[in-house]
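Here the structure is laid out as structure tokens; the discussion comes afterwards.
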Amino acid sequence: MPRQMKRHSRKAGLPPGTLLYIGEQRVEKASISVIDYSEAEMHERAVENPRECREYLKRDSVTWINVTGLHETSLLENMGEVFGIHPLVLEDIVNTGQRPKLEDHGDYMFMVLKMLYRGRGDGEIVAEQVSIILGPNYVLSFQEIPGDVFDIIRDRIRTAKGRIRKMGCDYLAYSLLDAIVDNYFIVLEDLGDQIEAVQDKVILHADPQMLQNIHRLKREMVFMRKNLWPLRELVGGLEKSESNLVEDTLDPYLRDVYEHTIQVVDSVELLRDMLSGSLDTYMTTVSNRMNEVMKVLTLIATIFIPLTFVAGI
Amino acid sequence: MPRQMKRHSRKAGLPPGTLLYIGEQRVEKASISVIDYSEAEMHERAVENPRECREYLKRDSVTWINVTGLHETSLLENMGEVFGIHPLVLEDIVNTGQRPKLEDHGDYMFMVLKMLYRGRGDGEIVAEQVSIILGPNYVLSFQEIPGDVFDIIRDRIRTAKGRIRKMGCDYLAYSLLDAIVDNYFIVLEDLGDQIEAVQDKVILHADPQMLQNIHRLKREMVFMRKNLWPLRELVGGLEKSESNLVEDTLDPYLRDVYEHTIQVVDSVELLRDMLSGSLDTYMTTVSNRMNEVMKVLTLIATIFIPLTFVAGI
Amino acid sequence: MPRQMKRHSRKAGLPPGTLLYIGEQRVEKASISVIDYSEAEMHERAVENPRECREYLKRDSVTWINVTGLHETSLLENMGEVFGIHPLVLEDIVNTGQRPKLEDHGDYMFMVLKMLYRGRGDGEIVAEQVSIILGPNYVLSFQEIPGDVFDIIRDRIRTAKGRIRKMGCDYLAYSLLDAIVDNYFIVLEDLGDQIEAVQDKVILHADPQMLQNIHRLKREMVFMRKNLWPLRELVGGLEKSESNLVEDTLDPYLRDVYEHTIQVVDSVELLRDMLSGSLDTYMTTVSNRMNEVMKVLTLIATIFIPLTFVAGI
Amino acid sequence: MPRQMKRHSRKAGLPPGTLLYIGEQRVEKASISVIDYSEAEMHERAVENPRECREYLKRDSVTWINVTGLHETSLLENMGEVFGIHPLVLEDIVNTGQRPKLEDHGDYMFMVLKMLYRGRGDGEIVAEQVSIILGPNYVLSFQEIPGDVFDIIRDRIRTAKGRIRKMGCDYLAYSLLDAIVDNYFIVLEDLGDQIEAVQDKVILHADPQMLQNIHRLKREMVFMRKNLWPLRELVGGLEKSESNLVEDTLDPYLRDVYEHTIQVVDSVELLRDMLSGSLDTYMTTVSNRMNEVMKVLTLIATIFIPLTFVAGI
Amino acid sequence: MPRQMKRHSRKAGLPPGTLLYIGEQRVEKASISVIDYSEAEMHERAVENPRECREYLKRDSVTWINVTGLHETSLLENMGEVFGIHPLVLEDIVNTGQRPKLEDHGDYMFMVLKMLYRGRGDGEIVAEQVSIILGPNYVLSFQEIPGDVFDIIRDRIRTAKGRIRKMGCDYLAYSLLDAIVDNYFIVLEDLGDQIEAVQDKVILHADPQMLQNIHRLKREMVFMRKNLWPLRELVGGLEKSESNLVEDTLDPYLRDVYEHTIQVVDSVELLRDMLSGSLDTYMTTVSNRMNEVMKVLTLIATIFIPLTFVAGI
């Protein structure tokens with residue numbers, strides 16, 4: 001699980017603000033997609049050069065620019081130039097070992113989050129870093145791989161479902177955040193099912209294979225916890241923020257996503273508790289079984305050893 | 001116990017403010033009952049359509065509207081329209097996986113609570129979500145199933161017992177809260193009896209069946225804790241609230257219910273402590289018994305194996 | 001130990017402010033004793049009807065009214081009427097499952113405390129609820145049974161020993177508090193002696209009977225902790241109080257009793273630590289002894305089983 | 001270790017402000033020594049009657065009065081009268097079961113501390129209570145036995161080494177405090193050596209005698225912790241104090257001693273951690289050894305029991 | 001591991017402000033190197049006498065004076081005189097048992113940090129104390145041994161890489177801090193690799209040698225934690241500092257290094273968790289194996305002891 005940590009040392013010694021993508025390259029080519037919308041209209045297109053985004057800066061409409069693939073650092077440097085983003089923020093975007101956090105840079109707000117999902121193959125839980133920049137009339141999002149979690153938002157914009165087309169950039173950023181947090185429930189419920197299954201089985205059969213299972217789940221919970229714990233602070237900070245970028249009408253929505261975050265963190269704690277309980281049960285079951293085995297041995301020995309002696313005589 | 005968590009993922013991807021009842025449908029048909037009272041008079045009737053409640057909004061009397069059954073979301077939408085309730089609040093009412101919480105929406109205060117009782121059949125502890133909305137001259141309450149805990153309040157209103165008929169809406173909301181908190185004591189004392197029984201038995205017989213019992217009680221305590229812990233904040237927030245909806249004369253009552261809440265939370269912690277103690281005792285008893293068995297084995301073996309050898313010669 | 005919890009559910013469903021004595025009736029008849037004193041004079045008498053106390057309200061002298069026996073609720077209702085006490089305070093006085101607490105009601109301050117002593121017979125630690133009300137020129141105290149802890153104060157008033165006769169009501173209330181806190185040391189030292197005895201013995205003999213002993217002491221510590229922990233807040237609140245009822249000259253005395261409270265709480269934690277240590281030692285001793293037994297068995301078997309085989313040939 | 005607690009109950013029932021020495025009398029006769037110094041001059045003498053100290057109150061020079069032996073309470077009463085010390089402060093000085101603390105009494109500051117050293121004979125760690133009173137032009141110190149820790153300060157004053165003769169009373173009080181804190185390092189390093197020795201040995205030999213050793217060290221750490229933990233607050237409070245008795249020039253010195261205090265507390269925690277680790281290692285080693293023994297037994301039995309059977313046929 | 005503690009007692013009894021190098025002398029001769037730079041120019045030279053540094057105090061350029069070797073206290077005294085440093089600061093520089101800390105002395109800021117690296121030979125983790133003083137136009141750094149971590153900074157200055165030559169003294173101090181924090185990742189990742197290796201192996205083979213390994217790693221984590229935990233406060237304090245020495249343009253850089261610090265501390269906690277998990281697994285594996293052994297023994301005994309008896313007859 002300390003994979004996240006490992007990446008960092010490659011950066012030691014480089015001057016601050018150097019863009020170095022930390023992580024495996026997960027897509028072949030970085031791509032930029034733009035969705036520009038207002039209540040009346042909506043345009044969608046792919047962009048080759050970040051400089052083409054410059055035109056959207058002048059419009060009143062909401063512009064959502066999504067970048068997929070973080071290994072092409074020159075592309076990110078261009079983005080930074082067009083939107084006036086601090087080099088250290090760009091560095092954080094490509095350094096995928098970040099803790100979730102919120103930074104208010106005055107002109108824009110910067111959020112780093114983790115998207116969690118079960119990887120293909122061995123089914124381990126994988127974290128993908130997602131960065132969101134909320135500007136006055138644009139939202140930038142950066143993903144390592146093309147994610148389907150944001151497709152729901154795209155659909156809502158396309159079909160003008162819900163109130164998203166009537167609201168501003170802050171509501172779009174909130175929607176992205178909400179989609180990510182909602183997605184945690186899916187991963188957590190999956191883990192919850194596994195832990196419940198272990199809990200039920202462990203009383204009946206306490207084989208060593210199950211122990212390995214418990215320890216794998218425990219490691220996954222540690223991993224979840226590390227990525228979800230700082231989220232509270234992030235969302236809470238957004239709620240309490242006095243930035244002009246976030247309007248007051250967004251308050252009930254932010255409170256709502258904050259409560260979901262608390263529920264997520266609570267669930268992680270609850271599952272950790274359940275796992276510890278399972279480990280305890282495992283230990284007790286092993287002790288109990290040993291007890292049973294010893295009783296049989298003692299019974300046999302107590303009966304037959306004296307008898308053998310008598311027979312021996 | 002992670003059942004609560006499971007429900008949530010069904011909502012992932014829906015736009016915020018979508019009403020989707022999360023939980024099993026527990027009553028066939030939702031019903032609305034209205035009690036309208038002042039010191040002098042008191043009326044009681046069943047209502048079919050939430051729009052019929054509109055007339056009560058204009059009266060000075062205290063109006064208590066209780067909705068049983070949350071699966072008919074259109075009915076709740078109508079309620080929301082009549083009383084001007086935010087869509088996210090309605091969403092929280094039907095999403096029965098909420099944590100207990102208090103929200104001040106200016107015109108009204110919104111509380112979510114858990115009613116706890118032993119289910120029929122297997123006797124597991126079940127949580128029912130109860131939502132209370134306190135408005136200027138009305139109190140709305142939402143239940144999943146028809147509960148008998150509020151019947152005590154209805155009786156007090158009908159018979160004008162205590163000071164309830166002389167007080168306003170805030171006292172009614174307090175009474176509902178107080179009835180729910182008082183009910184926790186019954187569940188806790190029942191659990192306390194079971195835990196005490198386990199504690200007494202575990203020193204004498206430490207059979208595996210008892211272990212399962214301890215673990216079941218432990219899971220129930222985790223479940224209780226999750227539902228009761230946030231209550232402190234809720235009731236404390238109500239006590240400190242500066243809303244006009246809660247008058248100063250209510251302060252000693254709120255302090256009283258706050259102390260009961262603290263007592264409930266303390267009892268949960270105490271019972272958890274006792275359970276851990278029982279588990280420790282269990283483990284020690286198992287060790288001790290193993291020790292006894294081994295001593296017998298060793299005694300027999302130490303006497304008869306040499307003797308058998310001598311006899312063998 | 002969850003006896004305290006059990007009592008509460010009998011109250012569920014009653015309107016707030018209903019006086020119902022929760023606890024076993026411990027004296028046959030409630031009695032009221034009055035001590036009225038100033039620096040110059042001192043009178044003492046027994047009172048039948050609380051209304052007789054009304055005359056003391058007008059005097060400048062310090063009046064201490066002590067009520068023993070809480071089951072006669074009508075008597076308490078009369079007291080409440082004479083001294084203008086809120087019904088919820090009266091309810092707290094008779095509901096003997098209260099947590100220690102301090103309430104400032106403007107005209108008077110209300111304190112609930114626990115007196116702890118070893119019961120007759122089985123020697124279990126018993127908690128008696130003591131309530132103190134500090135008014136402008138009177139102090140009311142309520143006890144479940146006639147207690148000898150307050151006799152020291154009575155003697156000091158009678159003999160004008162120390163500075164009590166020169167000081168006001170606040171000093172009297174402080175003296176009662178101080179007497180109760182001082183009494184905790186006696187119970188704690190007694191427990192400390194027992195725990196030390198266990199700690200010394202457990203290394204030598206680890207028999208199951210000792211385990212029961214440790215668990216009994218552990219339960220008693222949980223009980224102590226529950227009753228003493230909230231005391232810090234009570235006494236700290238009194239020290240920081242800005243009420244006119246407590247004069248500045250009392251500050252060093254309150255600080256003194258506050259420090260004793262901290263010492264009491266510290267001692268409870270220290271004793272808990274020692275008990276956990278004893279339990280650990282117990283477990284290790286059991287393991288060690290098992291080890292010894294197994295070594296003997298292995299030695300005998302390793303020598304004689306092969307020999308028996310040889311002899312068998 | 002609960003010896004500290006035991007002493008207290010002898011005081012229960014006495015009116016507050018009663019001087020009763022709690023502790024064993026450790027010197028035959030109490031003695032008073034006075035050192036009076038300024039940058040230019042320095043006088044040293046023994047005093048019989050506290051009233052002789054009165055003359056120093058009028059001088060501008062720094063006067064350090066050290067009292068050794070606390071059982072002659074009349075002597076302390078006289079001191080209290082001469083220097084105008086509150087009876088509760090005197091009570092705290094002779095009640096040697098105090099927690100370390102700081103009290104600002106306006107005219108003077110009062111500190112209680114513990115001096116720790118290994119006792120003669122059985123080598124147990126012993127705590128001696130030291131009280132320091134810092135007045136406008138005098139410093140009073142009270143010790144149970146004549147201590148050599150303060151001799152360093154006396155030497156510095158006599159030889160005018162360092163800046164002590166150029167500074168005021170606050171610097172003298174700081175020097176006493178600093179000498180006591182520095183002394184803790186000696187005791188802690190001694191304990192650290194023992195714990196390290198245990199840690200190294202426990203992996204190789206896990207005999208029951210070592211277990212007793214670990215438990216003795218654990219008790220000593222509990223004892224240390226109890227006496228050192230409140231020190232942080234004391235020194236921190238002195239640093240933040242706005243009293244006129246402590247000049248601003250002392251700030252870096254107080255910060256320095258505060259950091260030493262933090263280091264002391266950290267070391268105690270570190271040593272506790274190491275001890276817990278040793279106990280865990282002990283348990284594991286015992287388990288491992290049992291495992292080895294069982295393997296031998298099983299090997300022998302598995303080979304020879306069937307052979308014996310064959311031979312038997 | 002308590003080596004850090006041991007050094008301190010040698011200082012007990014010395015007057016405050018006495019320079020005494022605590023630690024082993026690690027270089028033969030202390031040396032002073034000066035780098036003086038502005039955006040346009042850059043000079044580098046070695047200095048024999050600290051007094052030669054006086055000329056740099058008048059210049060506008062940034063002057064970085066690095067002292068290697070702390071045992072020549074007279075040299076440090078001269079430095080202190082030239083730059084007007086408080087004797088207690090000098091004492092902290094040579095007393096290498098300091099906790100990491102930040103002190104604002106108005107004219108300059110003083111930081112103490114620990115550089116961590118694996119020692120030669122036995123490969124134990126070693127801490128070297130590094131002190132940094134940030135003045136208006138100079139930065140002083142003090143090391144015990146010539147370190148290669150700062151060489152990166154020297155290179156950046158020499159080659160004018162990054163923005164270091166365009167920035168002031170505060171940026172240089174930040175760069176030193178950042179280089180030290182970045183270096184922690186290397187040590188932590190190395191530990192992380194070892195811990196992961198242990199975690200993987202422990203399920204398969206649980207031999208006593210591995211136990212020693214786990215305990216060695218645990219001790220190293222305790223050591224890391226002690227040295228890294230106070231770092232948060234240091235860097236956080238620097239970020240929040242309102243000193244003129246730190247300009248506002250440095251804020252994003254300080255926030256960046258603060259987050260790295262949090263990541264370091266988080267990683268330490270994560271690794272500690274993983275180690276505890278490994279220890280648990282170890283214990284369970286030992287229990288399991290014992291179980292297996294016992295089953296074999298019981299099987300053999302249950303079959304052959306009765307058979308032997310039958311054969312005996």
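All residue names refer to the structure tokens as shown: chains lettered A, B, ... in order, residues numbered from 1 in each chain, ligands numbered from 1 in order.
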Would you give me, as number ranges by chain, the residues of chain E that come within 12 Å of chain C, using only C-alpha atoms? E: 301, 305, 308, 311-312
List the neighbours of Val286 in chain E out to 10 Å using only C-alpha atoms; skip same-chain residues closer than 2 positions along the sequence, and give me the result as JSON, numbers by chain. {"D": [284, 287, 288, 291], "E": [203, 205, 206, 207, 208, 280, 281, 282, 283, 284, 288, 289, 290, 291, 292]}
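For the pair CA of Phe304 in chain E and CA of Leu297 in chain A, the interatomic distance is 11.6 Å.
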Of the candidates C:Ser74, C:Asn183, C:Asn95, C:Ser141, which shows the shortest atom-to-atom distance to Arg118 in chain C, using only C-alpha atoms?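 Counting only C-alpha atoms, the residue closest to Arg118 in chain C is C:Asn183.
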DSSP alpha helix (DSSP H) selection over range 8-169 of chain C, as JSON, numbers by chain: {"C": [8, 73, 74, 75, 76, 77, 78, 79, 80, 81, 82, 83, 87, 88, 89, 90, 91, 92, 93, 94, 151, 152, 153, 154, 155, 156, 157, 158, 159, 169]}
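Distance check against Ser278 in chain B using only C-alpha atoms: of C:Met224, C:Gln212, C:Asp148, C:Ile313, the minimum falls on C:Gln212.
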I'd like the neighbourhood of Val82 in chain D as a PDB file with C-alpha atoms, in the first residue's frame, where a residue qualifies if any of its atoms comes within 8 Å (using only C-alpha atoms), though same-chain residues fewer than 6 positions away should be ignored.
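Once everything was written out, this is part-v3.pdb:
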ATOM      1  CA  PRO D  50      11.034  33.119  60.695  1.00  0.00           C
ATOM      2  CA  ARG D  51      10.436  36.580  62.162  1.00  0.00           C
ATOM      3  CA  CYS D  53      13.404  37.247  57.926  1.00  0.00           C
ATOM      4  CA  ARG D  54      11.282  40.347  58.231  1.00  0.00           C
TER       5      ARG D  54
END
For Ile32 in chain D, work out the shell of residues within 6 Å, counting only C-alpha atoms and skipping chain neighbours fewer than 6 positions away, then give it as a list in words.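 Returned residues: Ala46, Val47, Asn66 and Val67 of chain D.
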Could you take the residues named above and write them with N, CA, C and O atoms, as a PDB file, in the first residue's frame?
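For reference, part_35.pdb as written:
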ATOM      1  N   ALA D  46      22.150  31.159  58.716  1.00  0.00           N
ATOM      2  CA  ALA D  46      21.049  30.320  59.164  1.00  0.00           C
ATOM      3  C   ALA D  46      20.162  31.142  60.084  1.00  0.00           C
ATOM      4  O   ALA D  46      20.650  31.995  60.831  1.00  0.00           O
ATOM      5  N   VAL D  47      18.873  30.864  60.058  1.00  0.00           N
ATOM      6  CA  VAL D  47      17.919  31.641  60.844  1.00  0.00           C
ATOM      7  C   VAL D  47      17.145  30.677  61.730  1.00  0.00           C
ATOM      8  O   VAL D  47      16.812  29.568  61.311  1.00  0.00           O
ATOM      9  N   ASN D  66      15.390  29.390  52.233  1.00  0.00           N
ATOM     10  CA  ASN D  66      15.111  27.988  51.973  1.00  0.00           C
ATOM     11  C   ASN D  66      14.751  27.286  53.276  1.00  0.00           C
ATOM     12  O   ASN D  66      15.509  27.333  54.249  1.00  0.00           O
ATOM     13  N   VAL D  67      13.571  26.620  53.304  1.00  0.00           N
ATOM     14  CA  VAL D  67      13.140  25.890  54.496  1.00  0.00           C
ATOM     15  C   VAL D  67      13.262  24.399  54.211  1.00  0.00           C
ATOM     16  O   VAL D  67      12.751  23.920  53.201  1.00  0.00           O
TER      17      VAL D  67
END
Neighbours of Ala179 in chain C within 9 Å (only C-alpha atoms; same-chain residues fewer than 2 positions away dropped), as an MDAnalysis selection string? (chainID C and resid 149:150 152:153 174:177 181:184) or (chainID D and resid 12:13)
Please write the residues from the selection above to a file, keeping N, CA and C atoms, as an mmCIF file, in the first residue's frame.
data_model
loop_
_atom_site.group_PDB
_atom_site.id
_atom_site.type_symbol
_atom_site.label_atom_id
_atom_site.label_comp_id
_atom_site.auth_asym_id
_atom_site.auth_seq_id
_atom_site.Cartn_x
_atom_site.Cartn_y
_atom_site.Cartn_z
ATOM 1 N N VAL C 149 -21.407 12.180 56.506
ATOM 2 C CA VAL C 149 -20.369 13.033 55.940
ATOM 3 C C VAL C 149 -20.617 14.504 56.286
ATOM 4 N N PHE C 150 -21.906 14.881 56.307
ATOM 5 C CA PHE C 150 -22.215 16.279 56.596
ATOM 6 C C PHE C 150 -22.130 16.598 58.094
ATOM 7 N N ILE C 152 -19.659 16.487 60.008
ATOM 8 C CA ILE C 152 -18.461 17.277 60.269
ATOM 9 C C ILE C 152 -18.763 18.761 60.118
ATOM 10 N N ILE C 153 -19.530 19.071 59.068
ATOM 11 C CA ILE C 153 -19.891 20.480 58.827
ATOM 12 C C ILE C 153 -20.781 20.974 59.970
ATOM 13 N N TYR C 174 -19.794 25.397 49.482
ATOM 14 C CA TYR C 174 -18.447 24.906 49.204
ATOM 15 C C TYR C 174 -18.037 23.841 50.222
ATOM 16 N N SER C 175 -18.384 24.056 51.498
ATOM 17 C CA SER C 175 -17.995 23.101 52.544
ATOM 18 C C SER C 175 -18.641 21.743 52.321
ATOM 19 N N LEU C 176 -19.929 21.761 51.898
ATOM 20 C CA LEU C 176 -20.606 20.494 51.610
ATOM 21 C C LEU C 176 -19.901 19.768 50.468
ATOM 22 N N LEU C 177 -19.603 20.536 49.406
ATOM 23 C CA LEU C 177 -18.913 19.997 48.238
ATOM 24 C C LEU C 177 -17.570 19.407 48.657
ATOM 25 N N VAL C 181 -16.101 15.577 48.305
ATOM 26 C CA VAL C 181 -14.895 15.256 47.531
ATOM 27 C C VAL C 181 -13.849 14.598 48.438
ATOM 28 N N ASP C 182 -13.682 15.126 49.660
ATOM 29 C CA ASP C 182 -12.731 14.519 50.595
ATOM 30 C C ASP C 182 -13.077 13.063 50.871
ATOM 31 N N ASN C 183 -14.395 12.796 50.915
ATOM 32 C CA ASN C 183 -14.843 11.437 51.189
ATOM 33 C C ASN C 183 -14.445 10.463 50.076
ATOM 34 N N TYR C 184 -14.340 10.983 48.832
ATOM 35 C CA TYR C 184 -13.933 10.105 47.721
ATOM 36 C C TYR C 184 -12.563 9.484 47.982
ATOM 37 N N ALA D 12 -9.301 14.257 55.560
ATOM 38 C CA ALA D 12 -10.744 14.353 55.365
ATOM 39 C C ALA D 12 -11.416 14.781 56.661
ATOM 40 N N GLY D 13 -12.261 15.781 56.605
ATOM 41 C CA GLY D 13 -13.004 16.217 57.777
ATOM 42 C C GLY D 13 -12.405 17.421 58.459
#
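If you look at CA of Ile180 in chain A and CA of Lys218 in chain A, they are 22.9 Å away from each other.
In this model, the gap between CA of Leu116 in chain B and CA of Glu189 in chain B comes to 12.6 Å.
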With only C-alpha atoms as the counted atoms, please give the residues lying no more than 8 Å from Leu19 in chain E, apart from itself and same-chain residues fewer than 4 positions off, as a PyMOL selection string. chain E and resi 73+90-91+94-95
Mind dumping a table of every range 175-284 of chain E residue within 12 Å of range 103-106 of chain A, with the nearest atom pair and its distance in Å to one decimal, using only C-alpha atoms, sorted by chain and rising number, as JSON lines?
{"residue": "E:Asp251", "atom": "CA", "partner": "A:His105", "partner_atom": "CA", "distance": 10.9}
{"residue": "E:Pro252", "atom": "CA", "partner": "A:His105", "partner_atom": "CA", "distance": 9.2}
{"residue": "E:Arg255", "atom": "CA", "partner": "A:Glu103", "partner_atom": "CA", "distance": 9.6}
{"residue": "E:Asp256", "atom": "CA", "partner": "A:Glu103", "partner_atom": "CA", "distance": 10.7}
{"residue": "E:Glu259", "atom": "CA", "partner": "A:Glu103", "partner_atom": "CA", "distance": 11.5}
Find the spatial neighbours of Glu72 in chain C, counting only C-alpha atoms, within a cut-off of 9 Å - ignore same-chain residues fewer than 2 positions away - and output them as a list of chain:residue names.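 Contacts, with the query itself left out: C:Tyr21, C:Lys29, C:Ala30, C:Gly69, C:Leu70, C:Ser74, C:Leu75, C:Leu76.
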Check range 28-107 of chain D with DSSP on the backbone and list each residue it calls strand (DSSP E or B), as an MDAnalysis selection string. chainID D and resid 31:37 42:47 62:68 95 101:104
